[in-house]
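A.B. asks: Dropping a structure here in structure tokens format, bear with me for questions.
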Amino acid sequence: MEMSQQSDVRHFRYDATRLRGKRMRLMDDLPTSDAGHIQESLRGVTDVICLEDTPNLMHDLRVHPVDRPDVVARVEFRQLAIYNDQP
């Protein structure tokens, strides 16, 4: 990832709240759930929309690719970053 792209996003804590509806960047080319399950449906996807307010007990968040609400996957929160222009 280019340096300019990295400065556009920031990581967040495992106990972050108010994440539902936020646009996020996948920081891994092949994202997985906390249990290590590969999320094939997100292969090649860069940006996703968060469907949950906060990570669950396993530190996963349900997300879908932008403009593809029918494709839902679980991603471990450390593989996601939120865009800086969002509170």
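Following the order of the structure tokens, chains are lettered A, B, ..., residues in each are numbered from 1, and ligands are numbered from 1.
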Using 6 Å as the limit and counting only C-alpha atoms, can you tabulate each residue of stretch 32-87 of chain A that touches stretch 3-22 of chain A, with its shortest atom-to-atom distance in Å and the two atoms involved, as JSON lines?

C.D. replies:
{"residue": "A:Ile49", "atom": "CA", "partner": "A:Lys22", "partner_atom": "CA", "distance": 5.6}
{"residue": "A:Cys50", "atom": "CA", "partner": "A:Arg20", "partner_atom": "CA", "distance": 5.1}
{"residue": "A:Leu51", "atom": "CA", "partner": "A:Arg20", "partner_atom": "CA", "distance": 5.0}
{"residue": "A:Glu52", "atom": "CA", "partner": "A:Arg20", "partner_atom": "CA", "distance": 4.7}
{"residue": "A:Asp53", "atom": "CA", "partner": "A:Arg20", "partner_atom": "CA", "distance": 4.5}
{"residue": "A:Thr54", "atom": "CA", "partner": "A:Thr17", "partner_atom": "CA", "distance": 4.8}
{"residue": "A:Ala81", "atom": "CA", "partner": "A:His11", "partner_atom": "CA", "distance": 4.5}
{"residue": "A:Ile82", "atom": "CA", "partner": "A:Val9", "partner_atom": "CA", "distance": 5.3}
{"residue": "A:Tyr83", "atom": "CA", "partner": "A:Val9", "partner_atom": "CA", "distance": 4.2}
{"residue": "A:Asn84", "atom": "CA", "partner": "A:Val9", "partner_atom": "CA", "distance": 5.1}

A.B. asks: Give me every strand (DSSP E or B) residue in chain A, going by DSSP on the backbone, as a PyMOL selection string.

C.D. replies: chain A and resi 9-10+23-26+32+38+47-50+60-65+73-76+80-83

A.B. asks: Which residues are close to A:Thr32, i.e. within 6 Å by only C-alpha atoms, leaving aside same-chain residues fewer than 6 positions away? Reply as a ChimeraX atom specification.

C.D. replies: /A:38-39,75

A.B. asks: Using C-alpha atoms, can you export the residues from the last selection as a compact mmCIF listing (two decimals), in the first residue's frame?

C.D. replies:
# COMPACT_ATOMS: atom_id res chain seq x y z
CA ILE A 38 -10.45 -17.00 4.75
CA GLN A 39 -13.15 -14.68 3.43
CA VAL A 75 -13.32 -9.82 9.19

A.B. asks: Which distance in Å separates atom CA of A:Leu57 and atom CA of A:Phe77, to one decimal?

C.D. replies: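 If I compute the distance from atom CA of A:Leu57 to atom CA of A:Phe77, I get 11.1 Å.
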
A.B. asks: One decimal, Å: what's the distance from atom CA of A:Pro65 over to atom CA of A:Ala35, could you say?

C.D. replies: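 Straight-line distance from atom CA of A:Pro65 to atom CA of A:Ala35 works out to 20.6 Å.
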
A.B. asks: Let's see if you can do this: from backbone DSSP, list all alpha helix (DSSP H) residues in chain A, as a ChimeraX atom specification.

C.D. replies: /A:3-7

A.B. asks: As a ChimeraX atom specification, please: the residues near A:Ser33 (cut-off 10 Å, only C-alpha atoms, same-chain neighbours under 4 positions excluded).

C.D. replies: /A:37-39,58-62,73-77,79

A.B. asks: Could you tell me how far atom CA of A:Val71 lies from atom CA of A:Asp29, in Å and to one decimal?

C.D. replies: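 Separating atom CA of A:Val71 from atom CA of A:Asp29 is a distance of 16.9 Å.
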